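Inspection log for the structure reproduced underneath, given as structure tokens.
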Amino acid sequence: MKSILLHISTDPGMEARLQIALDLARAHGAHITCLQAVSFEVFAPGDFYGSAMAAALPKIKEAAEEQRAKLEVDLANEDVVWDWLFLHGMPETRLLEQSALHDLIIVGPHDVGERKGPSRMAGELALKAPCPVMIVPETATSFDSSAPILVAWNGSSEASVALRSAVPLLAKASNVFLASVEEKLDKDRFDVPAFKGAQYLSRHGIECEIVEIPADGRKIADLLSSAAQLRECGLIVMGAYGHSRLSEMLLGGVTRRALTNPDLPILLAH
């Protein structure tokens, strides 16, 4: 994991994901690309002559320049290698374009300007980007690369992709838990059993513990979150499950639930 793509924005979670990006860069000797994408397409109902747009553009530009100046001063004092990429356009579009030659994208749990519900941008990136996406809670202050990691396992191809994508992180963790929620239907539908996942990790020199979590009526995402906190994990790894052929931006129920105000960073891959 040598190339990290960090979403730069003015949202409340910016400081949290910056600190996680710095900790990851130090642990892996990685380079951080700070991507600041700004859209100047301002729409106001009834603004037929563009007066609202004309008034907003200087403020948008000024705020972006102020943020860049501040963060560049902060980054200059850090012991990591970084560069700054300023692009015009929607953040999810520019992040997706730049993801091809990066090992990890770091974003926040909410879309810019939104305070509720999972990030549509994070979901779109998780389903379309060729590298994993890490969603960082706004309350995060650091990332301990040696902390235990919980991998959500349901035997799907998405879970397998997420497991493979997380190998560099799992290799540094003190413990790895391959966790499945026990459900009657699961026993018959698992395409890839958990021991196969453990076998794959062993070939990378990574030992893991297979954990079966009893279903107790709660949502699967809540059970996984509780299991991770009980084991003092610093990260949850899971596959991003799309459930609609009509829209790839729609996520399955477990993924969507997990991304709604997460307590821990979540690594998603599809």
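For the structure tokens, the naming scheme is as follows: chains receive sequential letters (A, B, ...) according to their order of presentation, residues are indexed from 1 within each chain, and ligands are indexed from 1 in presentation order.
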Exercise. Looking only at strand (DSSP E) from DSSP on the backbone, list the matching residues of segment 22-240 of chain A as an MDAnalysis selection string.
Key: chainID A and resid 31:38 81:88 104:107 133:135 149:152 176:182 209:214 235:239
Quiz prompt | Residue contacts of segment 143-159 of chain A (6 Å, only C-alpha atoms) excluding same-chain residues fewer than 3 positions away, as an MDAnalysis selection string | solution = chainID A and resid 20 23 162 172:180 190:193 228 233:239 270
Resulting file, chosen residues, N, CA, C and O atoms, as a compact mmCIF listing (two decimals), in the first residue's frame:
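Listed below is the output, part.txt:
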# COMPACT_ATOMS: atom_id res chain seq x y z
N ILE A 20 -5.74 9.92 9.69
CA ILE A 20 -5.66 8.49 9.34
C ILE A 20 -4.76 8.28 8.14
O ILE A 20 -3.95 7.34 8.09
N ASP A 23 -1.14 8.53 9.34
CA ASP A 23 -0.71 7.34 10.08
C ASP A 23 -0.47 6.17 9.14
O ASP A 23 0.50 5.41 9.30
N ALA A 162 -12.47 -8.05 -1.04
CA ALA A 162 -12.13 -7.19 0.09
C ALA A 162 -10.98 -7.78 0.90
O ALA A 162 -10.07 -7.07 1.32
N LYS A 172 0.04 -6.21 9.01
CA LYS A 172 0.58 -5.43 10.13
C LYS A 172 -0.26 -5.53 11.40
O LYS A 172 0.13 -5.06 12.45
N ALA A 173 -1.46 -6.13 11.29
CA ALA A 173 -2.36 -6.22 12.44
C ALA A 173 -1.89 -7.28 13.44
O ALA A 173 -1.33 -8.31 13.06
N SER A 174 -2.12 -7.01 14.71
CA SER A 174 -1.73 -7.95 15.76
C SER A 174 -2.62 -9.19 15.74
O SER A 174 -2.18 -10.29 16.09
N ASN A 175 -3.88 -9.03 15.35
CA ASN A 175 -4.82 -10.15 15.23
C ASN A 175 -5.75 -9.89 14.06
O ASN A 175 -6.12 -8.74 13.78
N VAL A 176 -6.14 -10.96 13.39
CA VAL A 176 -7.10 -10.86 12.30
C VAL A 176 -8.25 -11.82 12.59
O VAL A 176 -8.02 -13.00 12.89
N PHE A 177 -9.48 -11.31 12.54
CA PHE A 177 -10.67 -12.13 12.79
C PHE A 177 -11.49 -12.22 11.51
O PHE A 177 -11.88 -11.20 10.94
N LEU A 178 -11.73 -13.43 11.06
CA LEU A 178 -12.57 -13.68 9.89
C LEU A 178 -13.95 -14.02 10.43
O LEU A 178 -14.19 -15.14 10.91
N ALA A 179 -14.87 -13.06 10.38
CA ALA A 179 -16.12 -13.18 11.11
C ALA A 179 -17.33 -13.38 10.20
O ALA A 179 -17.52 -12.64 9.23
N SER A 180 -18.13 -14.39 10.53
CA SER A 180 -19.37 -14.67 9.82
C SER A 180 -20.52 -14.65 10.82
O SER A 180 -20.37 -15.08 11.96
N PHE A 190 -23.01 -20.43 1.12
CA PHE A 190 -21.63 -19.94 1.09
C PHE A 190 -20.91 -20.50 -0.13
O PHE A 190 -20.74 -21.71 -0.27
N ASP A 191 -20.47 -19.63 -1.02
CA ASP A 191 -19.71 -20.07 -2.18
C ASP A 191 -18.28 -20.43 -1.78
O ASP A 191 -17.71 -21.40 -2.26
N VAL A 192 -17.72 -19.62 -0.90
CA VAL A 192 -16.35 -19.83 -0.42
C VAL A 192 -16.39 -19.91 1.10
O VAL A 192 -16.68 -18.91 1.77
N PRO A 193 -16.13 -21.07 1.70
CA PRO A 193 -16.17 -21.18 3.16
C PRO A 193 -15.05 -20.38 3.82
O PRO A 193 -14.03 -20.07 3.20
N ALA A 228 -16.45 -6.31 16.44
CA ALA A 228 -15.18 -5.60 16.23
C ALA A 228 -14.80 -4.79 17.45
O ALA A 228 -13.63 -4.80 17.88
N CYS A 233 -10.88 -3.92 17.79
CA CYS A 233 -10.38 -3.78 16.42
C CYS A 233 -10.29 -2.30 16.03
O CYS A 233 -11.05 -1.46 16.52
N GLY A 234 -9.37 -2.02 15.14
CA GLY A 234 -9.23 -0.66 14.64
C GLY A 234 -9.80 -0.48 13.25
O GLY A 234 -9.83 0.64 12.73
N LEU A 235 -10.28 -1.57 12.64
CA LEU A 235 -10.78 -1.51 11.27
C LEU A 235 -11.70 -2.68 11.00
O LEU A 235 -11.48 -3.79 11.50
N ILE A 236 -12.74 -2.43 10.19
CA ILE A 236 -13.60 -3.50 9.68
C ILE A 236 -13.42 -3.55 8.17
O ILE A 236 -13.46 -2.52 7.49
N VAL A 237 -13.20 -4.75 7.66
CA VAL A 237 -13.06 -4.96 6.22
C VAL A 237 -14.29 -5.70 5.72
O VAL A 237 -14.69 -6.70 6.31
N MET A 238 -14.89 -5.21 4.66
CA MET A 238 -16.07 -5.89 4.14
C MET A 238 -16.25 -5.64 2.65
O MET A 238 -15.75 -4.66 2.11
N GLY A 239 -16.94 -6.56 1.99
CA GLY A 239 -17.26 -6.38 0.59
C GLY A 239 -18.41 -5.41 0.43
O GLY A 239 -19.29 -5.34 1.28
N HIS A 270 -15.15 -4.07 -3.92
CA HIS A 270 -16.17 -4.78 -4.69
C HIS A 270 -15.52 -5.54 -5.84
O HIS A 270 -16.07 -6.44 -6.40
Exercise. Would you mind writing down, as a count of residues only, each residue of segment 66-174 of chain A that DSSP on the backbone assigns to helix (DSSP H, G or I)?
Key: 44
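Residue nearest Arg17 of chain A, chosen from A:Met134, A:Met1, A:Leu35, A:Ala76 and counting only C-alpha atoms: A:Met134.
For Leu18 of chain A, the set of protein, DNA and RNA residues having any atom at most 9 Å away, when counting only C-alpha atoms and skipping those fewer than 6 positions along the same chain, is Leu6, His7, Ile8 and Ile106 of chain A.
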Put those residues in a file: N, CA, C and O atoms, as a PDB file, in the first residue's frame.
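Result written to result_13.pdb:
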ATOM      1  N   LEU A   6      -6.388  10.845  -1.077  1.00  0.00           N
ATOM      2  CA  LEU A   6      -7.137  11.440   0.032  1.00  0.00           C
ATOM      3  C   LEU A   6      -8.082  12.516  -0.478  1.00  0.00           C
ATOM      4  O   LEU A   6      -7.653  13.473  -1.136  1.00  0.00           O
ATOM      5  N   HIS A   7      -9.365  12.368  -0.150  1.00  0.00           N
ATOM      6  CA  HIS A   7     -10.356  13.367  -0.550  1.00  0.00           C
ATOM      7  C   HIS A   7     -10.255  14.593   0.346  1.00  0.00           C
ATOM      8  O   HIS A   7     -10.409  14.515   1.566  1.00  0.00           O
ATOM      9  N   ILE A   8     -10.000  15.747  -0.280  1.00  0.00           N
ATOM     10  CA  ILE A   8      -9.909  17.012   0.438  1.00  0.00           C
ATOM     11  C   ILE A   8     -11.209  17.781   0.272  1.00  0.00           C
ATOM     12  O   ILE A   8     -11.691  17.994  -0.842  1.00  0.00           O
ATOM     13  N   ILE A 106      -9.329   7.362   0.519  1.00  0.00           N
ATOM     14  CA  ILE A 106      -9.834   7.686   1.856  1.00  0.00           C
ATOM     15  C   ILE A 106     -10.876   8.792   1.732  1.00  0.00           C
ATOM     16  O   ILE A 106     -10.595   9.873   1.204  1.00  0.00           O
TER      17      ILE A 106
END
Quiz item: Given the choices A:Lys70, A:Pro12, A:Ala166, A:Leu259, which gets closest to Met121 of chain A if the distance is worked out from only C-alpha atoms?
Solution: A:Leu259
Practice problem: Identify, on the basis of only C-alpha atoms, every residue whose closest approach to Asp11 of chain A does not exceed 8 Å; exclude the query and any residue fewer than 3 positions from it along the same chain; express the result as number ranges by chain. | Solution: A: 14, 112-113
Self-check item: Residue with smallest distance to Leu24 of chain A - pool A:Leu169, A:Ala258, A:Ala64, A:Val136, counting only C-alpha atoms
Solution: A:Leu169
Quiz item: Closest to Leu125 of chain A among A:Leu5, A:Glu207, A:Arg257, A:Ala21, using only C-alpha atoms?
Solution: A:Leu5
Quiz item: Residues at most 12 Å from Leu101 of chain A, counting only C-alpha atoms, excluding those fewer than 5 positions away in the same chain, as a ChimeraX atom specification?
Solution: /A:1-5,31,33,95-96,129-132
